[in-house]
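Colleague: Quick one: the structure is below, and I'll ask about it shortly.
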Amino acid sequence: YRLLRFVIFSFLEEDLLQASPVELLRAVRLIDTVIDEAIARCFNSYTYGRLQELKQLQNQLRLTNQELTRLVRASKDSLSQLAHELKTPLTSIIGYADLFLRQHRQQPKVQDSYSNIESIERVLKSGRLLLRLINDTLEISRYDAGRMKLQPTLSDVPELINSVVEIIEPLARAKELSLLVNCGCAPKQVITDPLRFQQIITNLLSNAIRYTESGTVRLECWKESQQQWAISVTDTGIGISPDAQTKIFNPYFRAVTDPKVQGCDGTGLGLAIVSRLVELMHGEIKVVSQPGKGSTFTVILPLEAMAAPTSLTNAHEDKLENAES
């Protein structure tokens, strides 16, 4: 601005010196007005140019974000497709291994059968673990894709809990653990998804038994308020450190460093599935734990769970979901 004024006044200096005071004042005012207008137009032009560049950058970022979203969606679809491709042969492997094992047990006089049976048992155990890992991964993928839906019905709470306890009790008995159930204060009936609720209880009890070497695993259920009810699973196991408690609901995270416990048949997805199912039911899950003193997981659920509005899905997603079921 100063340079422009200096150049103009230097160029007009001789004429301005010969002008009258009135003409000189008018000329100075005119020059200032022209300079102000020129500077304003230059500034507007510069600002407009920068805004255009910013809009172009925003468009590029938007396109990049859309491409990343497409790639993530394609990756999830590929994961689901891969999992389904693995499930079919894996199911066959488990079936044939189980059949071979039963045939050898029915023919104990066959020579050299012990080593064969031991190998088949390992294959069978690994196959079942892999199948459960695939199923758990599909559960996580289905929730993240928004395709996991509730089917709430009027359910008998003691009946649901007892059916799960009957399945889990042999696991506790095998480790000589006491499995205690106290549902005296539980609501008789609630509106919930029985399959998802049993899935939550099964994962919590299995987790408690897996990380408890001695002592008890206790399940309690009660009515929390006029709108909510709660269920807790307490164990006397190894406990969870405060740092790990913020991460235990992340997929594949395992806070245990003991090689003996790490080698068990856990997939690292049980608590992640539980947290997603609880969120789907509009509930809440809490954990209280101390290393070496056990853990308590408390799930608070509404007495009347509501299904989310059904969204339109394409035929491929429907077919995929039916296959997963």
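Please note that chains go A, B, ... in the order of the structure tokens, that every chain numbers its residues from 1, and that ligands are numbered from 1 in the order shown.
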Can you tell me, as a ChimeraX atom specification, what residues are no more than 12 Å from Ile201 (chain A) when counting only C-alpha atoms, ignoring any on the same chain fewer than 4 positions away?

Modeller: /A:157,160-165,167-168,194-197,205-208,218-221,230-234,270-271,273-275,277-278,297-299

Colleague: Write to file, as a JSON list (two decimals), in the first residue's frame, the residues of the selection just made, with N, CA and C atoms.

Modeller:
```
[["chain", "number", "residue", "atom", "x", "y", "z"],
["A", 157, "VAL", "N", -37.58, -65.85, 32.60],
["A", 157, "VAL", "CA", -36.18, -65.64, 32.97],
["A", 157, "VAL", "C", -35.57, -66.87, 33.63],
["A", 160, "LEU", "N", -34.78, -69.52, 31.01],
["A", 160, "LEU", "CA", -33.64, -69.19, 30.14],
["A", 160, "LEU", "C", -32.32, -69.42, 30.86],
["A", 161, "ILE", "N", -32.25, -68.98, 32.12],
["A", 161, "ILE", "CA", -31.01, -69.11, 32.88],
["A", 161, "ILE", "C", -30.70, -70.58, 33.15],
["A", 162, "ASN", "N", -31.69, -71.35, 33.54],
["A", 162, "ASN", "CA", -31.46, -72.77, 33.84],
["A", 162, "ASN", "C", -30.99, -73.54, 32.61],
["A", 163, "SER", "N", -31.52, -73.19, 31.44],
["A", 163, "SER", "CA", -31.09, -73.89, 30.23],
["A", 163, "SER", "C", -29.63, -73.62, 29.92],
["A", 164, "VAL", "N", -29.16, -72.41, 30.23],
["A", 164, "VAL", "CA", -27.75, -72.10, 30.02],
["A", 164, "VAL", "C", -26.88, -72.78, 31.07],
["A", 165, "VAL", "N", -27.33, -72.77, 32.31],
["A", 165, "VAL", "CA", -26.57, -73.38, 33.40],
["A", 165, "VAL", "C", -26.38, -74.87, 33.16],
["A", 167, "ILE", "N", -26.02, -76.34, 30.39],
["A", 167, "ILE", "CA", -24.98, -76.54, 29.38],
["A", 167, "ILE", "C", -23.60, -76.22, 29.93],
["A", 168, "ILE", "N", -23.50, -75.19, 30.79],
["A", 168, "ILE", "CA", -22.21, -74.72, 31.28],
["A", 168, "ILE", "C", -21.70, -75.53, 32.47],
["A", 194, "PRO", "N", -34.64, -64.05, 23.57],
["A", 194, "PRO", "CA", -34.10, -65.16, 24.37],
["A", 194, "PRO", "C", -32.78, -65.69, 23.84],
["A", 195, "LEU", "N", -32.62, -65.74, 22.52],
["A", 195, "LEU", "CA", -31.38, -66.26, 21.95],
["A", 195, "LEU", "C", -30.20, -65.36, 22.30],
["A", 196, "ARG", "N", -30.38, -64.04, 22.14],
["A", 196, "ARG", "CA", -29.30, -63.10, 22.43],
["A", 196, "ARG", "C", -29.00, -63.06, 23.93],
["A", 197, "PHE", "N", -30.04, -63.13, 24.75],
["A", 197, "PHE", "CA", -29.81, -63.12, 26.20],
["A", 197, "PHE", "C", -29.02, -64.36, 26.63],
["A", 205, "LEU", "N", -20.43, -66.71, 31.54],
["A", 205, "LEU", "CA", -20.13, -67.87, 32.37],
["A", 205, "LEU", "C", -18.91, -68.64, 31.85],
["A", 206, "SER", "N", -18.84, -68.81, 30.54],
["A", 206, "SER", "CA", -17.69, -69.52, 29.96],
["A", 206, "SER", "C", -16.39, -68.78, 30.25],
["A", 207, "ASN", "N", -16.44, -67.46, 30.13],
["A", 207, "ASN", "CA", -15.26, -66.65, 30.41],
["A", 207, "ASN", "C", -14.85, -66.77, 31.87],
["A", 208, "ALA", "N", -15.83, -66.73, 32.77],
["A", 208, "ALA", "CA", -15.52, -66.83, 34.19],
["A", 208, "ALA", "C", -14.88, -68.18, 34.52],
["A", 218, "ARG", "N", -20.37, -67.47, 40.47],
["A", 218, "ARG", "CA", -21.71, -67.19, 40.98],
["A", 218, "ARG", "C", -22.50, -66.36, 39.96],
["A", 219, "LEU", "N", -23.73, -66.77, 39.72],
["A", 219, "LEU", "CA", -24.64, -66.04, 38.84],
["A", 219, "LEU", "C", -25.82, -65.55, 39.68],
["A", 220, "GLU", "N", -26.08, -64.26, 39.62],
["A", 220, "GLU", "CA", -27.19, -63.67, 40.37],
["A", 220, "GLU", "C", -28.05, -62.83, 39.44],
["A", 221, "CYS", "N", -29.33, -62.76, 39.74],
["A", 221, "CYS", "CA", -30.26, -62.01, 38.91],
["A", 221, "CYS", "C", -31.28, -61.33, 39.82],
["A", 230, "ALA", "N", -31.32, -56.83, 36.21],
["A", 230, "ALA", "CA", -29.87, -57.01, 36.12],
["A", 230, "ALA", "C", -29.49, -58.46, 36.37],
["A", 231, "ILE", "N", -28.34, -58.81, 35.83],
["A", 231, "ILE", "CA", -27.77, -60.14, 36.04],
["A", 231, "ILE", "C", -26.27, -59.98, 36.14],
["A", 232, "SER", "N", -25.66, -60.68, 37.09],
["A", 232, "SER", "CA", -24.22, -60.54, 37.31],
["A", 232, "SER", "C", -23.57, -61.92, 37.34],
["A", 233, "VAL", "N", -22.31, -61.97, 36.92],
["A", 233, "VAL", "CA", -21.50, -63.18, 36.96],
["A", 233, "VAL", "C", -20.22, -62.84, 37.72],
["A", 234, "THR", "N", -20.00, -63.50, 38.85],
["A", 234, "THR", "CA", -18.84, -63.24, 39.70],
["A", 234, "THR", "C", -17.98, -64.49, 39.78],
["A", 270, "GLY", "N", -15.43, -63.16, 22.97],
["A", 270, "GLY", "CA", -16.61, -63.36, 23.80],
["A", 270, "GLY", "C", -17.13, -62.07, 24.42],
["A", 271, "LEU", "N", -16.26, -61.31, 25.09],
["A", 271, "LEU", "CA", -16.69, -60.07, 25.73],
["A", 271, "LEU", "C", -17.05, -59.00, 24.70],
["A", 273, "ILE", "N", -18.51, -59.57, 21.85],
["A", 273, "ILE", "CA", -19.86, -59.91, 21.43],
["A", 273, "ILE", "C", -20.86, -59.54, 22.51],
["A", 274, "VAL", "N", -20.52, -59.80, 23.76],
["A", 274, "VAL", "CA", -21.42, -59.46, 24.87],
["A", 274, "VAL", "C", -21.70, -57.96, 24.89],
["A", 275, "SER", "N", -20.66, -57.14, 24.78],
["A", 275, "SER", "CA", -20.86, -55.69, 24.84],
["A", 275, "SER", "C", -21.74, -55.21, 23.69],
["A", 277, "LEU", "N", -24.05, -57.03, 22.06],
["A", 277, "LEU", "CA", -25.42, -57.50, 22.29],
["A", 277, "LEU", "C", -26.12, -56.66, 23.35],
["A", 278, "VAL", "N", -25.40, -56.31, 24.40],
["A", 278, "VAL", "CA", -25.98, -55.47, 25.45],
["A", 278, "VAL", "C", -26.34, -54.11, 24.89],
["A", 297, "PHE", "N", -18.99, -59.16, 36.44],
["A", 297, "PHE", "CA", -19.59, -58.51, 35.28],
["A", 297, "PHE", "C", -21.09, -58.38, 35.54],
["A", 298, "THR", "N", -21.59, -57.16, 35.46],
["A", 298, "THR", "CA", -23.00, -56.89, 35.69],
["A", 298, "THR", "C", -23.63, -56.33, 34.43],
["A", 299, "VAL", "N", -24.71, -56.95, 34.00],
["A", 299, "VAL", "CA", -25.44, -56.52, 32.81],
["A", 299, "VAL", "C", -26.80, -56.00, 33.26]]
```

Colleague: Rank A:Leu301, A:Val72, A:Leu204, A:Leu171 by their smallest atom-to-atom distance to Val190 (chain A), using only C-alpha atoms, and report the top residue only.

Modeller: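 Of A:Leu301, A:Val72, A:Leu204, A:Leu171, the one nearest Val190 (chain A), counting only C-alpha atoms, is A:Leu301.
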
Colleague: Enumerate as number ranges by chain all residues of region 195-276 of chain A assigned to strand (DSSP E or B) by DSSP on the backbone, naming them with the chain letters and numbers the document uses.

Modeller: A: 216-223, 228-235

Colleague: Looking only at alpha helix (DSSP H) from DSSP on the backbone, list the matching residues of region 11-226 of chain A as a PyMOL selection string.

Modeller: chain A and resi 11+13-18+21-106+113-144+157-174+194-210

Colleague: Distance CA of Arg2 (chain A)-CA of Ser20 (chain A), one decimal place?

Modeller: 24.7 Å

Colleague: Which is closer to Asn203 (chain A) than all the others in A:Leu269, A:Ala174, A:Leu124, A:Val288, using only C-alpha atoms?

Modeller: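 Going through A:Leu269, A:Ala174, A:Leu124, A:Val288 one by one, the smallest distance to Asn203 (chain A) is for A:Leu269.
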
Colleague: Can you tell me which residues surround Ala272 (chain A) at a distance of at most 9 Å, considering only C-alpha atoms, apart from same-chain residues fewer than 4 positions away, and format the answer as a list in words?

Modeller: Ile140, Ile248, Phe249, Asn250, Pro251, Tyr252, Phe253, Gly268, Arg276 and Leu277 of chain A

Colleague: Write the selection just made, keeping C-alpha atoms, as an mmCIF file, in the first residue's frame?

Modeller:
```
data_model
loop_
_atom_site.group_PDB
_atom_site.id
_atom_site.type_symbol
_atom_site.label_atom_id
_atom_site.label_comp_id
_atom_site.auth_asym_id
_atom_site.auth_seq_id
_atom_site.Cartn_x
_atom_site.Cartn_y
_atom_site.Cartn_z
ATOM 1 C CA ILE A 140 -18.961 -58.873 15.171
ATOM 2 C CA ILE A 248 -11.463 -56.042 27.351
ATOM 3 C CA PHE A 249 -14.510 -55.334 25.182
ATOM 4 C CA ASN A 250 -12.357 -54.793 22.086
ATOM 5 C CA PRO A 251 -12.270 -57.701 19.617
ATOM 6 C CA TYR A 252 -9.345 -60.121 20.004
ATOM 7 C CA PHE A 253 -7.986 -58.337 23.091
ATOM 8 C CA GLY A 268 -10.821 -63.245 22.396
ATOM 9 C CA ARG A 276 -22.404 -55.389 21.373
ATOM 10 C CA LEU A 277 -25.419 -57.503 22.287
#
```

Colleague: Quick one: residues within 12 Å of Ile35 (chain A), only C-alpha atoms counted, chain neighbours fewer than 2 positions away excluded, as a list in words?

Modeller: Tyr1, Arg2, Leu3, Leu4, Arg5, Phe6, Val7, Ile8, Phe9, Val28, Arg29, Leu30, Ile31, Asp32, Thr33, Glu37, Ala38, Ile39, Ala40, Arg41 and Cys42 of chain A

Colleague: Using only C-alpha atoms, which protein or nucleic acid residues come within 8 Å of region 223-227 of chain A? Drop anything in the same chain fewer than 3 positions from it, and give the result as an mmCIF file with C-alpha atoms, in the first residue's frame.

Modeller:
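The new file out.cif reads:
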```cif
data_model
loop_
_atom_site.group_PDB
_atom_site.id
_atom_site.type_symbol
_atom_site.label_atom_id
_atom_site.label_comp_id
_atom_site.auth_asym_id
_atom_site.auth_seq_id
_atom_site.Cartn_x
_atom_site.Cartn_y
_atom_site.Cartn_z
ATOM 1 C CA CYS A 185 -35.173 -61.809 43.184
ATOM 2 C CA ALA A 186 -35.284 -62.102 39.396
ATOM 3 C CA PRO A 187 -38.360 -60.975 37.447
ATOM 4 C CA ALA A 230 -29.875 -57.008 36.123
ATOM 5 C CA ILE A 300 -28.407 -54.159 33.211
ATOM 6 C CA PRO A 302 -34.637 -53.063 30.120
ATOM 7 C CA LEU A 303 -37.625 -55.122 31.194
ATOM 8 C CA GLU A 304 -39.100 -54.531 27.743
#
```

Colleague: When distances are computed from only C-alpha atoms, which of A:Gln245, A:Gln189, A:Gln198, A:Gln103 shows the smallest separation from Trp229 (chain A)?

Modeller: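 Among the listed residues, the smallest separation from Trp229 (chain A) belongs to A:Gln189.
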
Colleague: Quick one: pull the distance between CA of Glu166 (chain A) and CA of Ile94 (chain A), Å, one decimal.

Modeller: 24.2 Å

Colleague: So how many Å separate CA of Ser214 (chain A) and CA of Ile238 (chain A), to one decimal?

Modeller: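 Here the two named atoms are 9.8 Å from each other.
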
Colleague: Give me the residues near Thr91 (chain A) as a list of chain:residue names, where near means some atom within 9 Å (using only C-alpha atoms) and where sequence neighbours in that chain fewer than 4 positions away do not count.

Modeller: A:Leu86, A:Lys87, A:Gly95, A:Tyr96, A:Gly127, A:Arg128, A:Leu131
